[in-house]
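Worksheet: the structure to be examined is printed underneath.
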Amino acid sequence: MPPNDPLVDFLRLLCAIYDEQMQIVLYSASWCRDCREAKRFLDKHNIAYSEIDIESTPGAAAELVRQVGKRAIPQLVIDGEWVQPYRPGRGFLYEEMSERLGLLRH
């Protein structure tokens with residue numbers, strides 16, 4: 001058996017890390033204050049995400065209504081699960097989202 005190549009081992013580790021990363025999509029609109037806060041939160045914690053603007057992406061608003069029953073943004077789709085990261089009257093749910101995204105270590 002040939003000796004381990006450190007570069008190959010490193011590349012395998014990077015691939016494993018990439019495969020384990022959450023896939024996050026943010027449904028938003030430019031006029032939405034809570035959406036801007038959701039983006040700031042994700043950016044602050046260096047969490048990669050894709051953004052879909054419901055005003056400029058054909059079919060996005062209809063998909064939002066189909067999934068959650070209303071045009072309520074922001075919405076996160078985390079590994080296929082739809083999550084509302086805010087509550088009306090409470091704003092962005094920092095602690096809940098930190099826990100959901102694995103930012104809180106117990």
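Lettering and numbering for the structure tokens are positional, with chains as A, B, ... in the shown order, residues counted from 1 in each chain, and ligands counted from 1 in the shown order.
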
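With only C-alpha atoms taken into account, the protein and nucleic acid residues at most 12 Å from His45 in chain A (excluding it and anything under 3 positions from it in its own chain) are A:Ala38, A:Lys39, A:Arg40, A:Phe41, A:Leu42, A:Ala48, A:Tyr49, A:Tyr94, A:Met97, A:Ser98, A:Leu101, A:Gly102, A:Leu103, A:Leu104.
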
Residue selection dump (N, CA and C atoms) as a PDB file, in the first residue's frame:
ATOM      1  N   ALA A  38     -31.674  39.588   7.838  1.00  0.00           N
ATOM      2  CA  ALA A  38     -31.318  38.177   7.651  1.00  0.00           C
ATOM      3  C   ALA A  38     -30.000  38.061   6.882  1.00  0.00           C
ATOM      4  N   LYS A  39     -29.832  38.880   5.843  1.00  0.00           N
ATOM      5  CA  LYS A  39     -28.581  38.861   5.073  1.00  0.00           C
ATOM      6  C   LYS A  39     -27.404  39.308   5.928  1.00  0.00           C
ATOM      7  N   ARG A  40     -27.597  40.360   6.729  1.00  0.00           N
ATOM      8  CA  ARG A  40     -26.517  40.814   7.626  1.00  0.00           C
ATOM      9  C   ARG A  40     -26.112  39.702   8.587  1.00  0.00           C
ATOM     10  N   PHE A  41     -27.092  38.997   9.138  1.00  0.00           N
ATOM     11  CA  PHE A  41     -26.830  37.904  10.070  1.00  0.00           C
ATOM     12  C   PHE A  41     -26.013  36.797   9.386  1.00  0.00           C
ATOM     13  N   LEU A  42     -26.461  36.368   8.215  1.00  0.00           N
ATOM     14  CA  LEU A  42     -25.750  35.311   7.498  1.00  0.00           C
ATOM     15  C   LEU A  42     -24.343  35.752   7.113  1.00  0.00           C
ATOM     16  N   ALA A  48     -22.684  30.766   3.858  1.00  0.00           N
ATOM     17  CA  ALA A  48     -22.965  30.864   2.428  1.00  0.00           C
ATOM     18  C   ALA A  48     -24.451  30.632   2.168  1.00  0.00           C
ATOM     19  N   TYR A  49     -24.993  31.401   1.253  1.00  0.00           N
ATOM     20  CA  TYR A  49     -26.398  31.257   0.893  1.00  0.00           C
ATOM     21  C   TYR A  49     -26.626  31.772  -0.513  1.00  0.00           C
ATOM     22  N   TYR A  94     -32.628  35.957  16.399  1.00  0.00           N
ATOM     23  CA  TYR A  94     -31.179  35.728  16.454  1.00  0.00           C
ATOM     24  C   TYR A  94     -30.815  34.430  17.161  1.00  0.00           C
ATOM     25  N   MET A  97     -32.134  31.260  15.253  1.00  0.00           N
ATOM     26  CA  MET A  97     -31.398  31.018  14.014  1.00  0.00           C
ATOM     27  C   MET A  97     -29.953  30.607  14.304  1.00  0.00           C
ATOM     28  N   SER A  98     -29.361  31.180  15.353  1.00  0.00           N
ATOM     29  CA  SER A  98     -27.995  30.770  15.726  1.00  0.00           C
ATOM     30  C   SER A  98     -27.965  29.295  16.080  1.00  0.00           C
ATOM     31  N   LEU A 101     -28.638  27.062  12.921  1.00  0.00           N
ATOM     32  CA  LEU A 101     -27.508  27.045  11.983  1.00  0.00           C
ATOM     33  C   LEU A 101     -26.222  26.535  12.621  1.00  0.00           C
ATOM     34  N   GLY A 102     -26.309  26.067  13.854  1.00  0.00           N
ATOM     35  CA  GLY A 102     -25.146  25.465  14.484  1.00  0.00           C
ATOM     36  C   GLY A 102     -24.115  26.452  14.997  1.00  0.00           C
ATOM     37  N   LEU A 103     -24.541  27.689  15.253  1.00  0.00           N
ATOM     38  CA  LEU A 103     -23.604  28.709  15.717  1.00  0.00           C
ATOM     39  C   LEU A 103     -23.431  28.669  17.226  1.00  0.00           C
ATOM     40  N   LEU A 104     -24.397  28.101  17.933  1.00  0.00           N
ATOM     41  CA  LEU A 104     -24.315  27.985  19.387  1.00  0.00           C
ATOM     42  C   LEU A 104     -23.745  26.620  19.728  1.00  0.00           C
TER      43      LEU A 104
END

Item to complete: List every residue of chain A that DSSP, applied to the backbone, labels as helix (DSSP H, G or I), and write the result as a VMD selection string.
Response: chain A and resid 6 to 20 33 to 44 60 to 68 94 to 100

Take the residues from that selection and put them in a file with N, CA and C atoms, as a tab-separated table (two decimals), in the first residue's frame.
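Output below, filename again-v3.tsv:
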chain	number	residue	atom	x	y	z
A	6	PRO	N	-0.17	13.73	1.70
A	6	PRO	CA	-0.83	14.80	2.48
A	6	PRO	C	-1.77	15.66	1.64
A	7	LEU	N	-1.42	15.91	0.39
A	7	LEU	CA	-2.28	16.73	-0.46
A	7	LEU	C	-3.60	16.01	-0.75
A	8	VAL	N	-3.51	14.72	-1.04
A	8	VAL	CA	-4.72	13.94	-1.31
A	8	VAL	C	-5.59	13.90	-0.05
A	9	ASP	N	-4.97	13.69	1.10
A	9	ASP	CA	-5.72	13.68	2.36
A	9	ASP	C	-6.42	15.02	2.59
A	10	PHE	N	-5.71	16.12	2.32
A	10	PHE	CA	-6.27	17.45	2.50
A	10	PHE	C	-7.46	17.66	1.56
A	11	LEU	N	-7.32	17.25	0.31
A	11	LEU	CA	-8.40	17.42	-0.65
A	11	LEU	C	-9.62	16.57	-0.27
A	12	ARG	N	-9.39	15.39	0.25
A	12	ARG	CA	-10.51	14.55	0.73
A	12	ARG	C	-11.23	15.24	1.88
A	13	LEU	N	-10.46	15.84	2.78
A	13	LEU	CA	-11.06	16.56	3.91
A	13	LEU	C	-11.90	17.73	3.42
A	14	LEU	N	-11.37	18.50	2.47
A	14	LEU	CA	-12.13	19.63	1.92
A	14	LEU	C	-13.43	19.15	1.27
A	15	CYS	N	-13.37	18.07	0.54
A	15	CYS	CA	-14.58	17.53	-0.10
A	15	CYS	C	-15.60	17.10	0.96
A	16	ALA	N	-15.14	16.48	2.01
A	16	ALA	CA	-16.04	16.05	3.09
A	16	ALA	C	-16.69	17.26	3.75
A	17	ILE	N	-15.91	18.30	3.99
A	17	ILE	CA	-16.46	19.52	4.60
A	17	ILE	C	-17.49	20.14	3.68
A	18	TYR	N	-17.19	20.23	2.39
A	18	TYR	CA	-18.12	20.82	1.43
A	18	TYR	C	-19.42	20.03	1.40
A	19	ASP	N	-19.32	18.69	1.38
A	19	ASP	CA	-20.52	17.85	1.33
A	19	ASP	C	-21.39	18.02	2.56
A	20	GLU	N	-20.78	18.39	3.71
A	20	GLU	CA	-21.53	18.53	4.95
A	20	GLU	C	-22.12	19.93	5.14
A	33	ARG	N	-37.03	45.15	5.13
A	33	ARG	CA	-36.08	45.42	6.21
A	33	ARG	C	-35.63	44.14	6.91
A	34	ASP	N	-36.57	43.23	7.19
A	34	ASP	CA	-36.21	41.98	7.85
A	34	ASP	C	-35.32	41.11	6.96
A	35	CYS	N	-35.50	41.21	5.65
A	35	CYS	CA	-34.64	40.48	4.71
A	35	CYS	C	-33.21	41.00	4.79
A	36	ARG	N	-33.06	42.32	4.85
A	36	ARG	CA	-31.71	42.90	4.99
A	36	ARG	C	-31.06	42.44	6.28
A	37	GLU	N	-31.84	42.34	7.34
A	37	GLU	CA	-31.30	41.86	8.63
A	37	GLU	C	-30.89	40.39	8.53
A	38	ALA	N	-31.67	39.59	7.84
A	38	ALA	CA	-31.32	38.18	7.65
A	38	ALA	C	-30.00	38.06	6.88
A	39	LYS	N	-29.83	38.88	5.84
A	39	LYS	CA	-28.58	38.86	5.07
A	39	LYS	C	-27.40	39.31	5.93
A	40	ARG	N	-27.60	40.36	6.73
A	40	ARG	CA	-26.52	40.81	7.63
A	40	ARG	C	-26.11	39.70	8.59
A	41	PHE	N	-27.09	39.00	9.14
A	41	PHE	CA	-26.83	37.90	10.07
A	41	PHE	C	-26.01	36.80	9.39
A	42	LEU	N	-26.46	36.37	8.22
A	42	LEU	CA	-25.75	35.31	7.50
A	42	LEU	C	-24.34	35.75	7.11
A	43	ASP	N	-24.23	36.98	6.62
A	43	ASP	CA	-22.91	37.50	6.23
A	43	ASP	C	-21.98	37.62	7.43
A	44	LYS	N	-22.49	38.12	8.54
A	44	LYS	CA	-21.69	38.30	9.76
A	44	LYS	C	-21.08	36.98	10.21
A	60	ALA	N	-40.98	33.01	-8.25
A	60	ALA	CA	-40.50	32.91	-6.86
A	60	ALA	C	-41.60	33.22	-5.86
A	61	ALA	N	-42.38	34.26	-6.11
A	61	ALA	CA	-43.46	34.62	-5.18
A	61	ALA	C	-44.50	33.50	-5.13
A	62	ALA	N	-44.81	32.91	-6.27
A	62	ALA	CA	-45.78	31.81	-6.31
A	62	ALA	C	-45.24	30.60	-5.54
A	63	GLU	N	-43.95	30.31	-5.67
A	63	GLU	CA	-43.34	29.20	-4.93
A	63	GLU	C	-43.39	29.46	-3.43
A	64	LEU	N	-43.14	30.69	-3.04
A	64	LEU	CA	-43.21	31.07	-1.64
A	64	LEU	C	-44.61	30.82	-1.08
A	65	VAL	N	-45.63	31.27	-1.80
A	65	VAL	CA	-47.01	31.06	-1.36
A	65	VAL	C	-47.34	29.57	-1.34
A	66	ARG	N	-46.88	28.84	-2.32
A	66	ARG	CA	-47.14	27.40	-2.36
A	66	ARG	C	-46.53	26.68	-1.16
A	67	GLN	N	-45.34	27.11	-0.75
A	67	GLN	CA	-44.63	26.44	0.34
A	67	GLN	C	-45.11	26.85	1.73
A	68	VAL	N	-45.38	28.15	1.92
A	68	VAL	CA	-45.69	28.62	3.28
A	68	VAL	C	-47.10	29.21	3.40
A	94	TYR	N	-32.63	35.96	16.40
A	94	TYR	CA	-31.18	35.73	16.45
A	94	TYR	C	-30.82	34.43	17.16
A	95	GLU	N	-31.34	34.22	18.34
A	95	GLU	CA	-30.96	33.03	19.11
A	95	GLU	C	-31.44	31.75	18.42
A	96	GLU	N	-32.68	31.75	17.97
A	96	GLU	CA	-33.23	30.57	17.31
A	96	GLU	C	-32.46	30.24	16.03
A	97	MET	N	-32.13	31.26	15.25
A	97	MET	CA	-31.40	31.02	14.01
A	97	MET	C	-29.95	30.61	14.30
A	98	SER	N	-29.36	31.18	15.35
A	98	SER	CA	-28.00	30.77	15.73
A	98	SER	C	-27.96	29.29	16.08
A	99	GLU	N	-28.97	28.86	16.82
A	99	GLU	CA	-29.04	27.45	17.20
A	99	GLU	C	-29.31	26.58	15.98
A	100	ARG	N	-30.27	26.99	15.16
A	100	ARG	CA	-30.65	26.20	13.98
A	100	ARG	C	-29.49	26.04	13.00

Discussion item. Give me, as a ChimeraX atom specification, all polymer residues having an atom no more than 10 Å from Val83 in chain A, counting only C-alpha atoms and skipping those fewer than 3 positions away in the same chain.
Written reply: /A:26,68,74-78,80,86,97,100

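Nearest residue to Glu55 in chain A among A:Ser30, A:Pro85, A:Phe92, A:Gln23 is A:Ser30, counting only C-alpha atoms.
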
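CA of Ser56 in chain A sits 20.6 Å away from CA of Gln84 in chain A.
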
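Interatomic distance, CA of Leu93 in chain A against CA of Pro58 in chain A: 28.4 Å.
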
Item to complete: Would you mind reading off the distance between CA of Asp79 in chain A and CA of Ile47 in chain A, one decimal, in Å?
Response: 13.3 Å

Worksheet item: Mind checking DSSP for chain A and telling me the strand (DSSP E) residues as a ChimeraX atom specification?
Response: /A:24-28,50-53,75-78,81-83,86-87,91-92
